[in-house]
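Structure data (mmCIF, C-alpha atoms and all ligand atoms) from protein08.cif:
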data_start
#
loop_
_atom_site.group_PDB
_atom_site.id
_atom_site.type_symbol
_atom_site.label_atom_id
_atom_site.label_comp_id
_atom_site.auth_asym_id
_atom_site.auth_seq_id
_atom_site.Cartn_x
_atom_site.Cartn_y
_atom_site.Cartn_z
ATOM 1 C CA MET A 1 25.015 15.608 76.149
ATOM 2 C CA LYS A 2 23.046 12.575 75.041
ATOM 3 C CA ALA A 3 22.217 12.580 71.336
ATOM 4 C CA PRO A 4 18.557 11.894 70.583
ATOM 5 C CA GLN A 5 17.710 8.632 68.840
ATOM 6 C CA VAL A 6 16.917 9.256 65.181
ATOM 7 C CA THR A 7 14.167 6.958 63.920
ATOM 8 C CA ARG A 8 13.075 6.588 60.323
ATOM 9 C CA THR A 9 10.554 3.759 60.290
ATOM 10 C CA VAL A 10 7.221 3.328 62.064
ATOM 11 C CA PRO A 11 8.146 -0.010 63.740
ATOM 12 C CA ALA A 12 11.383 1.515 65.111
ATOM 13 C CA LEU A 13 9.480 4.468 66.566
ATOM 14 C CA ARG A 14 6.783 2.190 68.011
ATOM 15 C CA ARG A 15 9.392 0.044 69.780
ATOM 16 C CA ILE A 16 10.804 3.116 71.526
ATOM 17 C CA VAL A 17 7.406 4.596 72.354
ATOM 18 C CA ASP A 18 6.053 1.264 73.639
ATOM 19 C CA ALA A 19 9.060 0.943 75.962
ATOM 20 C CA TYR A 20 8.404 4.444 77.341
ATOM 21 C CA ARG A 21 4.777 3.553 77.952
ATOM 22 C CA ARG A 22 5.628 0.280 79.699
ATOM 23 C CA ARG A 23 7.854 2.283 82.041
ATOM 24 C CA GLY A 24 5.035 4.740 82.693
ATOM 25 C CA ASP A 25 6.859 7.656 81.033
ATOM 26 C CA THR A 26 4.645 10.384 79.573
ATOM 27 C CA ILE A 27 5.369 11.557 76.027
ATOM 28 C CA ALA A 28 5.150 14.984 74.375
ATOM 29 C CA LEU A 29 5.296 15.371 70.603
ATOM 30 C CA VAL A 30 6.542 18.504 68.819
ATOM 31 C CA PRO A 31 5.700 18.287 65.098
ATOM 32 C CA THR A 32 7.955 20.391 62.862
ATOM 33 C CA MET A 33 9.099 20.697 59.271
ATOM 34 C CA GLY A 34 12.707 21.266 60.400
ATOM 35 C CA ALA A 35 14.867 24.348 59.728
ATOM 36 C CA LEU A 36 14.508 24.804 63.471
ATOM 37 C CA HIS A 37 14.553 28.245 65.085
ATOM 38 C CA ARG A 38 13.852 29.706 68.530
ATOM 39 C CA GLY A 39 10.103 29.319 67.956
ATOM 40 C CA HIS A 40 10.479 25.558 67.659
ATOM 41 C CA LEU A 41 12.789 25.538 70.674
ATOM 42 C CA ALA A 42 10.120 27.300 72.759
ATOM 43 C CA LEU A 43 7.726 24.448 71.925
ATOM 44 C CA ILE A 44 10.380 21.886 72.866
ATOM 45 C CA ARG A 45 11.107 23.540 76.215
ATOM 46 C CA ILE A 46 7.438 23.525 77.153
ATOM 47 C CA ALA A 47 7.194 19.916 75.968
ATOM 48 C CA ARG A 48 10.003 18.984 78.364
ATOM 49 C CA LYS A 49 8.140 20.548 81.254
ATOM 50 C CA ARG A 50 4.953 18.655 80.388
ATOM 51 C CA ALA A 51 6.266 15.154 79.810
ATOM 52 C CA ARG A 52 9.129 12.847 80.747
ATOM 53 C CA ARG A 53 9.907 12.056 77.090
ATOM 54 C CA VAL A 54 9.990 14.402 74.097
ATOM 55 C CA VAL A 55 9.658 13.305 70.483
ATOM 56 C CA VAL A 56 10.372 15.929 67.804
ATOM 57 C CA SER A 57 9.202 15.069 64.319
ATOM 58 C CA ILE A 58 10.911 16.563 61.294
ATOM 59 C CA PHE A 59 8.912 16.005 58.146
ATOM 60 C CA VAL A 60 8.353 18.412 55.269
ATOM 61 C CA ASN A 61 4.893 17.177 54.428
ATOM 62 C CA PRO A 62 4.368 17.190 50.656
ATOM 63 C CA THR A 63 0.567 16.924 50.879
ATOM 64 C CA GLN A 64 0.132 20.352 52.498
ATOM 65 C CA PHE A 65 1.869 22.182 49.650
ATOM 66 C CA ALA A 66 0.132 23.054 46.375
ATOM 67 C CA PRO A 67 2.134 22.474 43.172
ATOM 68 C CA ASN A 68 2.883 26.218 42.873
ATOM 69 C CA GLU A 69 4.143 26.485 46.473
ATOM 70 C CA ASP A 70 7.620 26.141 47.986
ATOM 71 C CA PHE A 71 7.873 22.397 48.769
ATOM 72 C CA ALA A 72 11.025 21.928 46.649
ATOM 73 C CA SER A 73 12.784 25.029 47.985
ATOM 74 C CA TYR A 74 11.598 24.741 51.622
ATOM 75 C CA PRO A 75 14.773 24.937 53.800
ATOM 76 C CA ARG A 76 16.084 21.505 54.796
ATOM 77 C CA ARG A 77 18.875 21.569 57.395
ATOM 78 C CA PHE A 78 18.810 18.183 59.045
ATOM 79 C CA THR A 79 22.395 18.212 60.374
ATOM 80 C CA ALA A 80 22.053 21.638 61.978
ATOM 81 C CA ASP A 81 18.614 20.673 63.341
ATOM 82 C CA LEU A 82 20.073 17.549 64.936
ATOM 83 C CA ALA A 83 22.816 19.582 66.613
ATOM 84 C CA ALA A 84 20.214 22.032 67.988
ATOM 85 C CA LEU A 85 18.074 19.153 69.275
ATOM 86 C CA GLU A 86 21.047 17.525 70.984
ATOM 87 C CA ALA A 87 21.462 20.679 73.070
ATOM 88 C CA GLU A 88 17.754 20.549 74.035
ATOM 89 C CA LYS A 89 18.049 17.066 75.560
ATOM 90 C CA ILE A 90 15.123 15.582 73.679
ATOM 91 C CA ASP A 91 14.705 11.819 73.389
ATOM 92 C CA VAL A 92 13.688 10.975 69.841
ATOM 93 C CA VAL A 93 13.838 12.596 66.409
ATOM 94 C CA TRP A 94 11.138 11.089 64.236
ATOM 95 C CA ALA A 95 12.253 11.708 60.651
ATOM 96 C CA PRO A 96 10.291 9.533 58.245
ATOM 97 C CA SER A 97 10.741 9.785 54.491
ATOM 98 C CA ALA A 98 7.726 10.613 52.325
ATOM 99 C CA ALA A 99 7.654 6.924 51.284
ATOM 100 C CA VAL A 100 7.408 5.836 54.933
ATOM 101 C CA MET A 101 4.656 8.361 55.671
ATOM 102 C CA TYR A 102 2.742 7.729 52.433
ATOM 103 C CA PRO A 103 3.546 4.237 51.179
ATOM 104 C CA GLU A 104 2.464 3.146 47.738
ATOM 105 C CA GLY A 105 -1.331 2.833 47.687
ATOM 106 C CA PHE A 106 -1.955 5.328 50.530
ATOM 107 C CA ALA A 107 -5.588 6.408 50.072
ATOM 108 C CA THR A 108 -6.992 8.062 53.217
ATOM 109 C CA ARG A 109 -7.378 11.746 53.921
ATOM 110 C CA ILE A 110 -8.884 13.707 56.806
ATOM 111 C CA GLU A 111 -10.953 16.675 55.648
ATOM 112 C CA PRO A 112 -11.398 19.110 58.540
ATOM 113 C CA ALA A 113 -14.322 21.549 58.454
ATOM 114 C CA GLY A 114 -15.259 24.298 60.934
ATOM 115 C CA ALA A 115 -12.209 26.472 61.588
ATOM 116 C CA ALA A 116 -10.527 24.839 58.573
ATOM 117 C CA GLN A 117 -13.109 26.526 56.327
ATOM 118 C CA ALA A 118 -13.018 29.969 57.911
ATOM 119 C CA GLY A 119 -11.953 31.691 54.684
ATOM 120 C CA LEU A 120 -8.465 32.563 55.955
ATOM 121 C CA GLU A 121 -5.504 30.293 55.085
ATOM 122 C CA ASP A 122 -7.925 27.795 53.522
ATOM 123 C CA LYS A 123 -9.003 30.386 50.968
ATOM 124 C CA PHE A 124 -5.461 30.885 49.690
ATOM 125 C CA ARG A 125 -4.126 27.362 50.361
ATOM 126 C CA PRO A 126 -7.061 25.008 49.717
ATOM 127 C CA HIS A 127 -4.837 21.893 50.057
ATOM 128 C CA PHE A 128 -3.362 22.954 53.319
ATOM 129 C CA PHE A 129 -5.559 21.834 56.209
ATOM 130 C CA GLY A 130 -6.469 18.473 54.703
ATOM 131 C CA GLY A 131 -2.745 17.778 54.331
ATOM 132 C CA VAL A 132 -1.936 19.044 57.821
ATOM 133 C CA ALA A 133 -4.789 17.213 59.562
ATOM 134 C CA THR A 134 -3.951 13.922 57.850
ATOM 135 C CA VAL A 135 -0.247 14.043 58.662
ATOM 136 C CA VAL A 136 -0.792 15.255 62.240
ATOM 137 C CA CYS A 137 -3.323 12.479 62.840
ATOM 138 C CA LYS A 138 -0.730 9.977 61.577
ATOM 139 C CA LEU A 139 1.970 11.539 63.776
ATOM 140 C CA PHE A 140 -0.335 11.148 66.790
ATOM 141 C CA THR A 141 -0.961 7.495 66.005
ATOM 142 C CA GLN A 142 2.736 6.854 65.393
ATOM 143 C CA ALA A 143 4.125 8.592 68.478
ATOM 144 C CA ALA A 144 1.157 8.050 70.857
ATOM 145 C CA PRO A 145 1.837 11.312 72.710
ATOM 146 C CA ASP A 146 0.051 12.483 75.862
ATOM 147 C CA PHE A 147 0.728 16.093 74.798
ATOM 148 C CA ALA A 148 1.342 17.743 71.442
ATOM 149 C CA LEU A 149 2.713 21.263 71.161
ATOM 150 C CA PHE A 150 1.708 23.715 68.439
ATOM 151 C CA GLY A 151 2.613 27.372 67.946
ATOM 152 C CA GLU A 152 0.048 30.161 68.057
ATOM 153 C CA LYS A 153 2.041 31.536 65.115
ATOM 154 C CA ASP A 154 -0.054 29.200 62.929
ATOM 155 C CA TYR A 155 -3.235 30.097 64.744
ATOM 156 C CA GLN A 156 -5.813 28.624 62.383
ATOM 157 C CA GLN A 157 -3.798 25.396 62.330
ATOM 158 C CA LEU A 158 -3.821 25.299 66.144
ATOM 159 C CA ARG A 159 -7.623 25.649 66.136
ATOM 160 C CA VAL A 160 -8.052 22.980 63.437
ATOM 161 C CA ILE A 161 -5.830 20.457 65.253
ATOM 162 C CA THR A 162 -7.508 21.143 68.602
ATOM 163 C CA GLN A 163 -10.916 20.508 67.002
ATOM 164 C CA MET A 164 -9.690 17.367 65.221
ATOM 165 C CA ALA A 165 -8.318 15.874 68.456
ATOM 166 C CA LYS A 166 -11.645 16.570 70.142
ATOM 167 C CA ASP A 167 -13.826 15.307 67.299
ATOM 168 C CA LEU A 168 -11.844 12.084 66.809
ATOM 169 C CA ASP A 169 -11.447 11.419 70.572
ATOM 170 C CA LEU A 170 -7.684 11.346 70.147
ATOM 171 C CA PRO A 171 -6.129 10.776 73.593
ATOM 172 C CA VAL A 172 -3.745 13.721 73.345
ATOM 173 C CA LYS A 173 -3.825 17.162 74.918
ATOM 174 C CA ILE A 174 -3.098 19.940 72.423
ATOM 175 C CA VAL A 175 -0.999 22.720 73.948
ATOM 176 C CA GLY A 176 -0.700 26.107 72.201
ATOM 177 C CA VAL A 177 2.517 28.103 72.629
ATOM 178 C CA PRO A 178 2.791 31.915 72.236
ATOM 179 C CA THR A 179 4.616 33.219 69.160
ATOM 180 C CA VAL A 180 8.344 33.846 69.482
ATOM 181 C CA ARG A 181 9.421 37.061 67.709
ATOM 182 C CA GLU A 182 12.502 38.938 66.583
ATOM 183 C CA LYS A 183 13.276 42.131 68.514
ATOM 184 C CA ASP A 184 11.428 44.216 65.921
ATOM 185 C CA GLY A 185 8.308 42.058 66.238
ATOM 186 C CA LEU A 186 8.638 39.834 63.170
ATOM 187 C CA ALA A 187 7.383 36.343 64.035
ATOM 188 C CA LEU A 188 10.138 33.755 63.648
ATOM 189 C CA SER A 189 9.516 31.486 60.675
ATOM 190 C CA SER A 190 11.631 29.093 58.641
ATOM 191 C CA ARG A 191 10.430 31.095 55.616
ATOM 192 C CA ASN A 192 12.058 34.325 56.906
ATOM 193 C CA ALA A 193 15.252 32.913 55.374
ATOM 194 C CA TYR A 194 13.758 33.722 51.946
ATOM 195 C CA LEU A 195 13.590 37.491 52.664
ATOM 196 C CA SER A 196 16.034 39.906 50.996
ATOM 197 C CA ALA A 197 17.522 42.626 53.247
ATOM 198 C CA GLU A 198 14.966 45.107 51.945
ATOM 199 C CA GLU A 199 12.039 42.739 52.448
ATOM 200 C CA ARG A 200 13.304 41.857 55.932
ATOM 201 C CA ALA A 201 13.330 45.562 56.817
ATOM 202 C CA ALA A 202 9.700 45.918 55.673
ATOM 203 C CA ALA A 203 8.420 42.697 57.272
ATOM 204 C CA PRO A 204 7.768 43.967 60.854
ATOM 205 C CA VAL A 205 4.865 46.067 59.512
ATOM 206 C CA LEU A 206 2.620 43.014 59.910
ATOM 207 C CA TYR A 207 3.085 42.790 63.663
ATOM 208 C CA ARG A 208 3.048 46.585 64.021
ATOM 209 C CA VAL A 209 -0.328 46.781 62.284
ATOM 210 C CA LEU A 210 -1.708 43.854 64.289
ATOM 211 C CA LYS A 211 -0.717 45.453 67.599
ATOM 212 C CA ALA A 212 -1.952 48.924 66.649
ATOM 213 C CA SER A 213 -5.244 47.506 65.337
ATOM 214 C CA ALA A 214 -5.785 45.432 68.487
ATOM 215 C CA ALA A 215 -5.209 48.512 70.640
ATOM 216 C CA ARG A 216 -7.666 50.613 68.608
ATOM 217 C CA ILE A 217 -10.358 47.917 68.673
ATOM 218 C CA LYS A 218 -9.918 47.607 72.428
ATOM 219 C CA GLN A 219 -10.366 51.367 72.748
ATOM 220 C CA GLY A 220 -13.661 51.143 70.900
ATOM 221 C CA ASP A 221 -12.826 52.134 67.311
ATOM 222 C CA ALA A 222 -15.020 50.505 64.657
ATOM 223 C CA VAL A 223 -13.508 47.169 63.628
ATOM 224 C CA GLU A 224 -13.914 47.532 59.831
ATOM 225 C CA LEU A 225 -12.427 51.035 59.892
ATOM 226 C CA VAL A 226 -9.423 49.877 61.897
ATOM 227 C CA LEU A 227 -8.898 46.910 59.568
ATOM 228 C CA ASP A 228 -9.113 49.101 56.470
ATOM 229 C CA ASP A 229 -6.427 51.419 57.872
ATOM 230 C CA GLY A 230 -4.278 48.383 58.647
ATOM 231 C CA ARG A 231 -4.803 46.877 55.181
ATOM 232 C CA ASN A 232 -3.757 50.153 53.556
ATOM 233 C CA GLU A 233 -0.614 50.420 55.658
ATOM 234 C CA ILE A 234 0.452 46.869 54.814
ATOM 235 C CA ILE A 235 -0.127 47.434 51.105
ATOM 236 C CA ARG A 236 1.713 50.789 51.204
ATOM 237 C CA THR A 237 4.738 49.002 52.676
ATOM 238 C CA GLY A 238 4.974 46.849 49.550
ATOM 239 C CA PHE A 239 3.080 43.704 50.534
ATOM 240 C CA ALA A 240 0.452 41.959 48.446
ATOM 241 C CA LEU A 241 -2.205 41.404 51.109
ATOM 242 C CA ASP A 242 -4.127 38.120 51.267
ATOM 243 C CA TYR A 243 -6.160 39.081 54.341
ATOM 244 C CA LEU A 244 -6.263 41.111 57.533
ATOM 245 C CA GLU A 245 -9.293 39.954 59.508
ATOM 246 C CA ALA A 246 -10.840 40.084 62.973
ATOM 247 C CA ARG A 247 -12.375 36.754 63.955
ATOM 248 C CA HIS A 248 -13.799 34.981 66.963
ATOM 249 C CA ALA A 249 -10.704 33.489 68.593
ATOM 250 C CA LEU A 250 -12.158 29.997 69.019
ATOM 251 C CA THR A 251 -14.443 29.416 66.026
ATOM 252 C CA LEU A 252 -12.608 31.822 63.671
ATOM 253 C CA GLU A 253 -16.019 32.938 62.461
ATOM 254 C CA PRO A 254 -16.463 36.568 61.364
ATOM 255 C CA ILE A 255 -17.554 38.858 64.189
ATOM 256 C CA ALA A 256 -20.493 41.202 63.863
ATOM 257 C CA SER A 257 -19.312 43.520 66.641
ATOM 258 C CA ARG A 258 -16.388 44.034 68.953
ATOM 259 C CA ASP A 259 -18.442 42.612 71.820
ATOM 260 C CA GLU A 260 -18.060 39.106 70.395
ATOM 261 C CA VAL A 261 -15.044 38.211 72.493
ATOM 262 C CA PRO A 262 -12.441 36.793 72.488
ATOM 263 C CA ILE A 263 -11.263 38.322 69.209
ATOM 264 C CA ARG A 264 -8.166 37.347 67.244
ATOM 265 C CA LEU A 265 -6.632 39.449 64.468
ATOM 266 C CA LEU A 266 -5.036 37.426 61.678
ATOM 267 C CA VAL A 267 -2.949 38.527 58.723
ATOM 268 C CA ALA A 268 -1.332 36.917 55.670
ATOM 269 C CA ALA A 269 0.612 38.827 53.036
ATOM 270 C CA LYS A 270 3.273 38.284 50.443
ATOM 271 C CA ILE A 271 6.410 40.341 49.969
ATOM 272 C CA GLY A 272 8.425 39.414 46.892
ATOM 273 C CA LYS A 273 8.110 35.639 46.732
ATOM 274 C CA THR A 274 7.666 35.128 50.477
ATOM 275 C CA ARG A 275 4.296 34.657 52.122
ATOM 276 C CA LEU A 276 4.175 35.572 55.822
ATOM 277 C CA ILE A 277 1.410 35.056 58.378
ATOM 278 C CA ASP A 278 0.898 36.394 61.885
ATOM 279 C CA ASN A 279 -1.849 36.995 64.467
ATOM 280 C CA VAL A 280 -2.511 38.564 67.866
ATOM 281 C CA ALA A 281 -5.199 38.509 70.534
ATOM 282 C CA VAL A 282 -7.289 41.664 70.979
HETATM 283 P P1 LIG B 301 6.824 24.502 61.124
HETATM 284 O O1 LIG B 301 8.148 23.793 61.217
HETATM 285 O O2 LIG B 301 6.912 25.866 60.551
HETATM 286 O O3 LIG B 301 5.746 23.632 60.531
HETATM 287 O O4 LIG B 301 6.371 24.751 62.616
HETATM 288 C C1 LIG B 301 6.330 23.705 63.558
HETATM 289 C C2 LIG B 301 5.641 24.202 64.808
HETATM 290 O O5 LIG B 301 6.347 25.318 65.323
HETATM 291 C C3 LIG B 301 4.209 24.674 64.535
HETATM 292 O O6 LIG B 301 3.389 24.262 65.611
HETATM 293 C C4 LIG B 301 4.366 26.166 64.483
HETATM 294 O O7 LIG B 301 3.188 26.854 64.837
HETATM 295 C C5 LIG B 301 5.452 26.389 65.510
HETATM 296 N N1 LIG B 301 6.109 27.677 65.277
HETATM 297 C C6 LIG B 301 6.617 28.143 64.106
HETATM 298 N N2 LIG B 301 7.097 29.392 64.265
HETATM 299 C C7 LIG B 301 6.867 29.734 65.553
HETATM 300 C C8 LIG B 301 7.128 30.907 66.342
HETATM 301 N N3 LIG B 301 7.697 31.994 65.819
HETATM 302 N N4 LIG B 301 6.745 30.897 67.630
HETATM 303 C C9 LIG B 301 6.155 29.804 68.187
HETATM 304 N N5 LIG B 301 5.887 28.676 67.494
HETATM 305 C C10 LIG B 301 6.238 28.638 66.197
#
Whole structure, structure tokens version:
Amino acid sequence: MKAPQVTRTVPALRRIVDAYRRRGDTIALVPTMGALHRGHLALIRIARKRARRVVVSIFVNPTQFAPNEDFASYPRRFTADLAALEAEKIDVVWAPSAAVMYPEGFATRIEPAGAAQAGLEDKFRPHFFGGVATVVCKLFTQAAPDFALFGEKDYQQLRVITQMAKDLDLPVKIVGVPTVREKDGLALSSRNAYLSAEERAAAPVLYRVLKASAARIKQGDAVELVLDDGRNEIIRTGFALDYLEARHALTLEPIASRDEVPIRLLVAAKIGKTRLIDNVAV
């Protein structure tokens, strides 16, 4: 097994990437915040099919966390991540420090609109998409990928990044990857590590409600009624619900009727201290 090269400065990454390009090798980028799980590995495997070279970035991006969020406690497991990546035969781990990503005097921010202002994650995490768009744009410039892989798990993020790449004419194809789940339906997330045994047992309700709601909407039940039933079930299970919404799958705008297809159902809710999100297609 060939260990991936670990790079920590922009010039070091550029040297590697430039050499790939001179050779005519295509590049796929998989941006992550580390604490890798099977969801990340699914992205990496699809990246390997798309491009000759795979760069995985590991960067817990401070600018997408609000002061009251879990930046300090977010799981950091670099050694275990590196071992997992070695087994996946990737080429480069791009692991900049915050000082490399945001040097003294850094003063530019991308402010996405459209799907980034849909009133979903943005409503509860107003810092989030500006932080994500800015760091992802930098990652694209740094790694010059032909493809970049993002999980449908973070569906609004996938829409925001796809729109940003289009709007800014970034020469990268954004590829969405279906959500990888536990056997009981819970979407894999680095934050699942925060759940107590009791919370973990309750957590699959989110996916259960999403699936049941999608089936009812498909059958013709009234969308608001279905969503209200779903909201009640999630709350009864002990979650504090941020939202359960049906939106147009591309614009994320509210839908007036179930004929406005394609529809995506999206949920975010907190159990104990842990905030979970999930979504499904109708
Ligand atoms: P994160 O490290 O949580 O920022 O996630 C990095 C990438 O992995 C993002 O594009 C996520 O959408 C994706 N991802 C996270 N969890 C999953 C999952 N369960 N299935 C598929 N992709 C995922």
Selection under test: the PyMOL selection byres (((chain A and resi 7) around 9) and not hetatm); residues as JSON, numbers by chain: {"A": [5, 6, 8, 9, 10, 12, 13, 92, 93, 94, 95, 96]}
Selection as number ranges by chain: residues within 12 Å of (0.7, 13.7, 60.2), counting only C-alpha atoms: A: 29-33, 57-64, 94-96, 98, 100-102, 108-110, 129-143, 148, 161
Write out as a Markdown table the residues of chain A that have any atom within 7 Å of an atom of ligand LIG 301 (chain B), one row each with the nearest atom pair and its distance in Å to one decimal, counting all atoms listed in the file, sorted by chain and then rising number.
| residue | atom | partner | partner_atom | distance |
| --- | --- | --- | --- | --- |
| A:Pro31 | CA | B:LIG301 | C1 | 5.7 |
| A:Thr32 | CA | B:LIG301 | C1 | 3.8 |
| A:Met33 | CA | B:LIG301 | O1 | 3.8 |
| A:Gly34 | CA | B:LIG301 | O1 | 5.3 |
| A:Ala35 | CA | B:LIG301 | O1 | 6.9 |
| A:Leu36 | CA | B:LIG301 | O1 | 6.8 |
| A:Gly39 | CA | B:LIG301 | N4 | 3.7 |
| A:His40 | CA | B:LIG301 | O5 | 4.8 |
| A:Ala42 | CA | B:LIG301 | C9 | 6.5 |
| A:Leu43 | CA | B:LIG301 | N5 | 6.4 |
| A:Leu149 | CA | B:LIG301 | O6 | 6.3 |
| A:Phe150 | CA | B:LIG301 | O6 | 3.3 |
| A:Gly151 | CA | B:LIG301 | O7 | 3.2 |
| A:Glu152 | CA | B:LIG301 | O7 | 5.6 |
| A:Lys153 | CA | B:LIG301 | O7 | 4.8 |
| A:Asp154 | CA | B:LIG301 | O7 | 4.4 |
| A:Val177 | CA | B:LIG301 | C9 | 6.0 |
| A:Pro178 | CA | B:LIG301 | C9 | 5.7 |
| A:Thr179 | CA | B:LIG301 | N4 | 3.5 |
| A:Val180 | CA | B:LIG301 | N4 | 3.8 |
| A:Arg181 | CA | B:LIG301 | N3 | 5.7 |
| A:Ala187 | CA | B:LIG301 | N3 | 4.7 |
| A:Leu188 | CA | B:LIG301 | N3 | 3.7 |
| A:Ser189 | CA | B:LIG301 | N2 | 4.8 |
| A:Ser190 | CA | B:LIG301 | O2 | 6.0 |
Selected residue of minimal separation from Lys173 in chain A among A:Gly119, A:Gly185, A:Pro75, A:Pro145, counting only C-alpha atoms: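 Smallest separation from Lys173 in chain A among the options: A:Pro145.
Take CA of Gly272 in chain A and CA of Ala202 in chain A: the distance between them is 11.0 Å.
Distances to Pro171 in chain A were evaluated for A:Ala249, A:Ala269, A:Ile27, A:Arg50 using all atoms listed in the file, and the minimum falls at A:Ile27.
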Residue nearest Thr162 in chain A among A:Ala203, A:Leu244, A:Ala66, A:Leu250 (counting only C-alpha atoms):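 Closest candidate: A:Leu250.
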Straight-line distance linking CA of Glu199 in chain A with CA of Ala72 in chain A, stated in Å to one decimal: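 Atom-to-atom, CA of Glu199 in chain A and CA of Ala72 in chain A are spaced 21.6 Å apart.
The space between CA of Arg264 in chain A and CA of Leu206 in chain A spans 14.2 Å.
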For range 220-224 of chain A: contacts at 12 Å, only C-alpha atoms, fewer than 5 positions along chain excluded, given as a list in words: Ala212, Ser213, Ala214, Ala215, Asp229, Gly230, Arg231, Leu244, Glu245, Ala246, Arg247, Pro254, Ile255, Ala256, Ser257, Arg258, Asp259, Glu260, Ile263, Arg264, Leu265 and Val282 of chain A
Nearby residues, (17.9, 22.6, 69.1) file frame, 12 Å, all atoms listed in the file, as a VMD selection string: chain A and resid 3 to 4 32 34 to 45 56 77 to 90 93
Ile234 in chain A surroundings by all atoms listed in the file, 8 Å radius, close-in-sequence under 6 positions cut, as a list in words: Val205, Leu206, Val209 and Leu241 of chain A
Expansion of the PyMOL selection byres (((chain A and resi 122-124) around 12) and not hetatm) into residues, as a PyMOL selection string: chain A and resi 64-66+68-69+111-121+125-132+156-157+160+241-243+252+268-270+275+277
Residue nearest Arg208 in chain A - candidates A:Leu186, A:Val175, A:Asn232, A:Ala47, atoms counted: only C-alpha atoms: A:Leu186
Range 22-30 of chain A, all listed atoms, 3 Å padding on each side: what axis-aligned box centre and edge lengths in Å to one decimal come out, as JSON?
{"center_x": 6.2, "center_y": 9.4, "center_z": 75.8, "size_x": 9.2, "size_y": 24.2, "size_z": 19.9}
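Nearest to Tyr194 in chain A of all the residues A:Ile16, A:Ile271, A:Arg23, A:Gly105 is A:Ile271, counting all atoms listed in the file.
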